[in-house]
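J.: If you scroll down you'll find the structure; I have some questions about it.
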Amino acid sequence: MDEADLKRLLAPLPVSWWEVDGGSQLVDSGGGAFADERTARRFLQALGADRRGPAQLPGDGPYQARFEGRTFCVNWPARGDGAPCGRSGGVAVEVGGPVAGAGPYASFADLSPAAVFVRDADGRYVWANHAYAHLYGTTRDTLIGRHLAEVDGPEDAARFLALDEEVLTRGHSVRHTLSYRRSDGSRGHAAGYRFPVRWGTLRCVAGIYVDVTDHTRALDQRRRAEADLRALRDHSGLACLRLSADGVVRDAGTAAAELLHVRLGDLVGSPADTLLARTPERTALHRIWDDLIAGRRRTAHTSAVLVDGDRRRRAWIHLSAVHHTEERLPGVWVIITRLGLSHEAHPPLTAAQVRILALLAAGHSNADIAGTLHLSRQTLDYHLSRLRCLLGVATRPALVARAYVLGILSPHCWPPRSTTAAHPLSPA
């Protein structure tokens with residue numbers, strides 16, 4: 001537990017802690033024993049911090065001190081030799097006899113970090129713990145004896161009194177979540193139980209609640225983000241799918257289902273590989289997928305041949321890895337950015353032939369290509385003749401055009417390169 005966690009833990013408890021420098025000036029303080037810092041400073045003054053160092057306080061061990069009718073157990077040891085700049089720290093815990101009529105229930109709940117209160121049938125506080133008083137920016141002693149209407153606004157007070165009456169009428173506990181006005185004016189949320197109790201001779205209502213404001217706010221933000229994502233997915237026209245780490249479609253937009261000519265219900269839950277034709281791009285896509293899942297890439301742009309009913313269509317896709325911290329499993333969003341014409345299969349080409357096509361598309365002469373690939377002119381002429389035969393064209397410009405139409409070369413790269421070549425990493 002770090003220092004920040006410790007401070008948050010002590011904030012609602014009837015504890016005051018402090019740290020002073022070598023000149024006995026307050027450096028830091030906290031805890032829920034006092035409603036404001038001014039009262040905490042007066043408490044330190046009452047202990048003698050401004051008149052003498054803690055080493056001169058009565059004894060080196062814990063001792064009791066009275067302050068404004070309250071009793072505290074104080075532990076403020078002498079300055080240690082290893083303390084920086086002669087600093088010292090202390091802590092005081094409110095103690096004292098049990099509240100009249102409180103019984104063991106109050107002793108148990110007094111130091112609970114959950115907010116606990118007891119009100120009589122008229123709505124007047126007969127007991128509350130420090131955590132409850134802290135929610136309203138006050139102290140327990142100030143709260144006890146006051147009416148609910150003096151603490152909460154009219155609307156909240158009427159609502160809480162109605163809940164009290166419901167508990168007293170039915171005679172059993174009620175579990176719910178409610179909102180309340182915090183000391184800074186903002187709305188807070190609390191979850192817990194309200195139940196009937198006997199407090200001495202009084203018939204009362206007790207409540208124990210945990211503040212869930214931050215949790216509720218986080219859930220609201222998540223719901224809004226999910227709603228925005230659904231709207232973007234379903235109404236933007238983007239064909240997008242979310243795949244799990246094992247390549248199964250976990251989520252998909254209506255545009256993706258329409259593009260693939262399948263029902264959305266059939267698309268979700270199906271293996272993504274069933275959407276891919278068995279082409280060289282599929283093998284290259286598998287390599288990219290492995291990099292995304294392993295964290296070696298965050299995004300990638302590539303092409304693939306999709307199975308579209310009885311047809312095959314080339315598509316250009318964007319892949320982006322996502323991580324769900326609660327699942328600790330990566331997934332990938334896939335967005336089809338552009339859809340090409342029906343895919344026409346081409347004969348298998350060697351790596352040298354694909355490289356020749358790329359250099360042709362970049363505008364290189366035969367002499368440049370032969371020199372770059374360390375080929376003789378006769379060997380290059382053979383390859384060009386063979387390519388014209390395989391692709392069914394007669395000229396160099398037609399070779400380049402045919403290479404792009406068949407998806408041999410990627411239309412999104414310059415200098416030209418194969419669609420199955422590895423794409424550079426996108427910026428992280």
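Each chain of the structure tokens is named A, B, ... in the order shown, its residues numbered from 1; ligands are numbered from 1 in display order.
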Which neighbours of segment 163-173 of chain A fall inside 12 Å, counting only C-alpha atoms, when residues of the same chain fewer than 6 positions from it are skipped, and could you give them as a list in words?
T.: Phe117, Val118, Arg119, Asp120, Ala121, Asp122, Gly123, Arg124, Leu148, Asp156, Ala157, Gly192, Tyr193, Arg194, Phe195, Pro196, Val197, Arg198, Leu202, Arg203, Cys204, Val205, Ala206, Gly207 and Ile208 of chain A
J.: So that I can see what lies close to segment 32-42 of chain A, please list as a list in words the residues with an atom at most 7 Å from it, counting only C-alpha atoms and leaving out residues fewer than 4 positions away in the same chain.
T.: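 The residues that qualify are Leu10, Ala11, Pro12, Leu13, Pro14, Val15, Ser16, Ala46, His130, His134, Gly137, Thr138 and Thr139 of chain A.
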J.: As a ChimeraX atom specification, list the residues of segment 75-210 of chain A assigned to helix (DSSP H, G or I) by DSSP on the backbone atoms of this structure.
T.: /A:84-86,103-109,130-135,140-143,148-150,154-170
J.: Could you dump the residues just selected with N, CA and C atoms as a compact mmCIF listing (two decimals), in the first residue's frame?
T.:
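Listed below is the output, out36.txt:
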```
# COMPACT_ATOMS: atom_id res chain seq x y z
N PRO A 84 14.08 13.36 8.12
CA PRO A 84 14.61 14.46 7.32
C PRO A 84 14.29 15.81 7.93
N CYS A 85 15.33 16.65 8.05
CA CYS A 85 15.17 18.04 8.53
C CYS A 85 14.50 18.10 9.89
N GLY A 86 14.72 17.11 10.72
CA GLY A 86 14.13 17.12 12.05
C GLY A 86 12.64 16.94 12.07
N GLY A 103 -24.90 0.37 22.77
CA GLY A 103 -24.66 -1.06 22.79
C GLY A 103 -23.47 -1.44 21.94
N PRO A 104 -23.25 -2.73 21.77
CA PRO A 104 -22.09 -3.21 21.02
C PRO A 104 -22.15 -2.86 19.54
N TYR A 105 -23.37 -2.58 19.01
CA TYR A 105 -23.49 -2.24 17.60
C TYR A 105 -22.66 -1.00 17.27
N ALA A 106 -22.77 0.05 18.09
CA ALA A 106 -22.04 1.29 17.83
C ALA A 106 -20.55 1.08 17.97
N SER A 107 -20.13 0.28 18.94
CA SER A 107 -18.71 0.03 19.10
C SER A 107 -18.13 -0.65 17.87
N PHE A 108 -18.92 -1.53 17.27
CA PHE A 108 -18.46 -2.23 16.07
C PHE A 108 -18.42 -1.29 14.86
N ALA A 109 -19.47 -0.45 14.73
CA ALA A 109 -19.61 0.38 13.54
C ALA A 109 -18.83 1.67 13.60
N HIS A 130 -18.10 8.15 12.16
CA HIS A 130 -17.30 9.23 11.58
C HIS A 130 -17.34 9.19 10.06
N ALA A 131 -17.41 8.00 9.47
CA ALA A 131 -17.45 7.91 8.01
C ALA A 131 -18.71 8.57 7.45
N TYR A 132 -19.84 8.42 8.16
CA TYR A 132 -21.08 9.05 7.71
C TYR A 132 -20.96 10.57 7.83
N ALA A 133 -20.46 11.05 8.94
CA ALA A 133 -20.30 12.50 9.10
C ALA A 133 -19.35 13.08 8.07
N HIS A 134 -18.34 12.30 7.70
CA HIS A 134 -17.36 12.77 6.73
C HIS A 134 -18.00 13.00 5.37
N LEU A 135 -19.01 12.21 4.99
CA LEU A 135 -19.68 12.41 3.72
C LEU A 135 -20.31 13.80 3.63
N ARG A 140 -19.10 13.78 13.80
CA ARG A 140 -20.18 12.97 14.37
C ARG A 140 -20.89 13.71 15.48
N ASP A 141 -20.13 14.36 16.37
CA ASP A 141 -20.74 15.06 17.50
C ASP A 141 -21.62 16.21 17.03
N THR A 142 -21.23 16.86 15.94
CA THR A 142 -22.06 17.94 15.40
C THR A 142 -23.34 17.41 14.80
N LEU A 143 -23.28 16.20 14.22
CA LEU A 143 -24.42 15.63 13.53
C LEU A 143 -25.48 15.08 14.49
N LEU A 148 -32.82 15.50 10.14
CA LEU A 148 -32.38 15.21 8.78
C LEU A 148 -32.52 16.43 7.88
N ALA A 149 -33.58 17.21 8.08
CA ALA A 149 -33.81 18.39 7.24
C ALA A 149 -32.73 19.45 7.44
N GLU A 150 -32.00 19.40 8.55
CA GLU A 150 -30.91 20.36 8.77
C GLU A 150 -29.63 19.94 8.07
N PRO A 154 -34.27 19.97 1.01
CA PRO A 154 -35.69 19.58 1.20
C PRO A 154 -36.09 18.33 0.42
N GLU A 155 -35.68 18.25 -0.86
CA GLU A 155 -36.08 17.10 -1.67
C GLU A 155 -35.45 15.81 -1.15
N ASP A 156 -34.12 15.87 -0.85
CA ASP A 156 -33.45 14.68 -0.34
C ASP A 156 -34.02 14.27 1.02
N ALA A 157 -34.26 15.26 1.89
CA ALA A 157 -34.78 14.96 3.22
C ALA A 157 -36.13 14.27 3.14
N ALA A 158 -37.02 14.77 2.28
CA ALA A 158 -38.35 14.16 2.13
C ALA A 158 -38.21 12.72 1.61
N ARG A 159 -37.29 12.51 0.67
CA ARG A 159 -37.11 11.18 0.10
C ARG A 159 -36.55 10.22 1.15
N PHE A 160 -35.59 10.66 1.94
CA PHE A 160 -34.98 9.78 2.94
C PHE A 160 -35.96 9.49 4.09
N LEU A 161 -36.76 10.48 4.46
CA LEU A 161 -37.76 10.24 5.51
C LEU A 161 -38.81 9.24 5.04
N ALA A 162 -39.16 9.28 3.76
CA ALA A 162 -40.12 8.30 3.21
C ALA A 162 -39.51 6.90 3.25
N LEU A 163 -38.22 6.79 2.99
CA LEU A 163 -37.57 5.48 3.08
C LEU A 163 -37.55 4.99 4.53
N ASP A 164 -37.28 5.91 5.47
CA ASP A 164 -37.30 5.53 6.89
C ASP A 164 -38.68 5.00 7.28
N GLU A 165 -39.71 5.71 6.85
CA GLU A 165 -41.08 5.30 7.20
C GLU A 165 -41.41 3.94 6.60
N GLU A 166 -40.93 3.70 5.38
CA GLU A 166 -41.18 2.41 4.74
C GLU A 166 -40.54 1.28 5.53
N VAL A 167 -39.32 1.50 6.02
CA VAL A 167 -38.63 0.47 6.79
C VAL A 167 -39.36 0.22 8.11
N LEU A 168 -39.77 1.29 8.78
CA LEU A 168 -40.46 1.12 10.06
C LEU A 168 -41.82 0.47 9.87
N THR A 169 -42.48 0.77 8.77
CA THR A 169 -43.81 0.21 8.53
C THR A 169 -43.73 -1.29 8.20
N ARG A 170 -42.79 -1.65 7.32
CA ARG A 170 -42.68 -3.04 6.92
C ARG A 170 -41.95 -3.89 7.95
```
J.: What's the 12 Å shell around Asp273 of chain A, counting only C-alpha atoms, without same-chain residues fewer than 3 positions away, as a list in words?
T.: Leu243, Asp246, Gly247, Val248, Val249, Leu267, Gly269, Ser270, Leu276, Ala277, Arg278, Thr279, Arg282, Thr283, Leu285, His286, Trp289, Ala304, Val305, Leu306 and Val307 of chain A
J.: Quick one: write out the picked residues with C-alpha atoms as a compact mmCIF listing (two decimals), in the first residue's frame?
T.:
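Result saved to result00.txt:
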```txt
# COMPACT_ATOMS: atom_id res chain seq x y z
CA LEU A 243 -12.22 -10.44 -33.49
CA ASP A 246 -8.42 -16.89 -31.48
CA GLY A 247 -9.84 -15.25 -34.61
CA VAL A 248 -13.58 -15.54 -33.89
CA VAL A 249 -15.96 -12.70 -34.78
CA LEU A 267 -21.59 -13.62 -38.80
CA GLY A 269 -19.49 -16.25 -33.59
CA SER A 270 -18.03 -17.52 -36.86
CA LEU A 276 -11.05 -15.42 -46.41
CA ALA A 277 -10.31 -17.04 -49.75
CA ARG A 278 -7.28 -19.33 -49.93
CA THR A 279 -4.88 -16.93 -51.62
CA ARG A 282 -4.28 -15.08 -46.54
CA THR A 283 -0.85 -16.39 -45.50
CA LEU A 285 -2.51 -11.77 -43.25
CA HIS A 286 -1.85 -14.60 -40.78
CA TRP A 289 -2.29 -11.23 -37.22
CA ALA A 304 -7.32 -9.74 -48.44
CA VAL A 305 -9.62 -11.66 -50.72
CA LEU A 306 -13.01 -12.06 -49.04
CA VAL A 307 -15.51 -14.82 -49.72
```
J.: What does the distance between atom CA of Tyr209 of chain A and atom CA of Val126 of chain A come to in Å, to one decimal place?
T.: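 Atom CA of Val126 of chain A lies 17.0 Å from atom CA of Tyr209 of chain A.
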J.: Could you tell me which of A:His383, A:His176, A:Arg250, A:His189 comes closest to Gln353 of chain A if we count only C-alpha atoms?
T.: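 The answer is A:His383, which sits nearest to Gln353 of chain A.
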J.: How far is it from atom CA of Glu94 of chain A to atom CA of Gly22 of chain A, in Å with one decimal?
T.: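 According to the coordinates, atom CA of Glu94 of chain A and atom CA of Gly22 of chain A are separated by 26.3 Å.
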J.: Tell me, as a PyMOL selection string, which residues lie within 8 Å of Val332 of chain A, counting only C-alpha atoms; anything in the same chain fewer than 5 positions away does not count.
T.: chain A and resi 242-245+292-293+319-322
J.: Output N, CA and C atoms for every residue in the selection just made, as a compact mmCIF listing (two decimals), in the first residue's frame.
T.:
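Contents of selection_29.txt, freshly written:
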```
# COMPACT_ATOMS: atom_id res chain seq x y z
N ARG A 242 -15.10 -7.00 -34.76
CA ARG A 242 -14.15 -7.18 -33.66
C ARG A 242 -13.89 -8.68 -33.49
N LEU A 243 -12.61 -9.04 -33.58
CA LEU A 243 -12.22 -10.44 -33.49
C LEU A 243 -11.54 -10.71 -32.16
N SER A 244 -11.77 -11.90 -31.62
CA SER A 244 -11.09 -12.32 -30.41
C SER A 244 -9.68 -12.78 -30.77
N ALA A 245 -8.89 -13.09 -29.75
CA ALA A 245 -7.51 -13.50 -29.98
C ALA A 245 -7.42 -14.79 -30.79
N LEU A 292 0.11 -8.70 -34.39
CA LEU A 292 -0.84 -7.90 -33.62
C LEU A 292 -1.16 -8.56 -32.28
N ILE A 293 -1.42 -9.84 -32.29
CA ILE A 293 -1.77 -10.55 -31.07
C ILE A 293 -0.59 -10.59 -30.10
N LEU A 319 -6.40 -2.98 -39.56
CA LEU A 319 -6.49 -3.79 -38.34
C LEU A 319 -5.87 -3.01 -37.19
N SER A 320 -6.52 -3.04 -36.05
CA SER A 320 -6.05 -2.32 -34.87
C SER A 320 -6.24 -3.19 -33.63
N ALA A 321 -5.15 -3.44 -32.91
CA ALA A 321 -5.21 -4.30 -31.72
C ALA A 321 -5.82 -3.53 -30.56
N VAL A 322 -6.67 -4.19 -29.80
CA VAL A 322 -7.26 -3.61 -28.59
C VAL A 322 -7.03 -4.57 -27.44
```
J.: So that I can check the secondary structure, give me every residue of segment 70-191 of chain A assigned strand (DSSP E or B) by backbone DSSP, as a PyMOL selection string.
T.: chain A and resi 70-75+88-95+115-120+124-128+147+174-181+187-191
J.: What is the atom CA of Ile335 of chain A to atom CA of Leu349 of chain A distance in Å?
T.: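 Atom-to-atom, atom CA of Ile335 of chain A to atom CA of Leu349 of chain A, that is 28.9 Å.
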J.: Point out the residue among A:Leu26, A:Val334, A:Ala367, A:Leu373 with the least atom-to-atom distance to Ala352 of chain A, counting only C-alpha atoms.
T.: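 Nearest to Ala352 of chain A: A:Leu373.
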J.: Can you tell me which residues surround segment 70-72 of chain A at a distance of at most 8 Å, considering only C-alpha atoms, apart from same-chain residues fewer than 5 positions away, and format the answer as a ChimeraX atom specification?
T.: /A:64-65,92-96
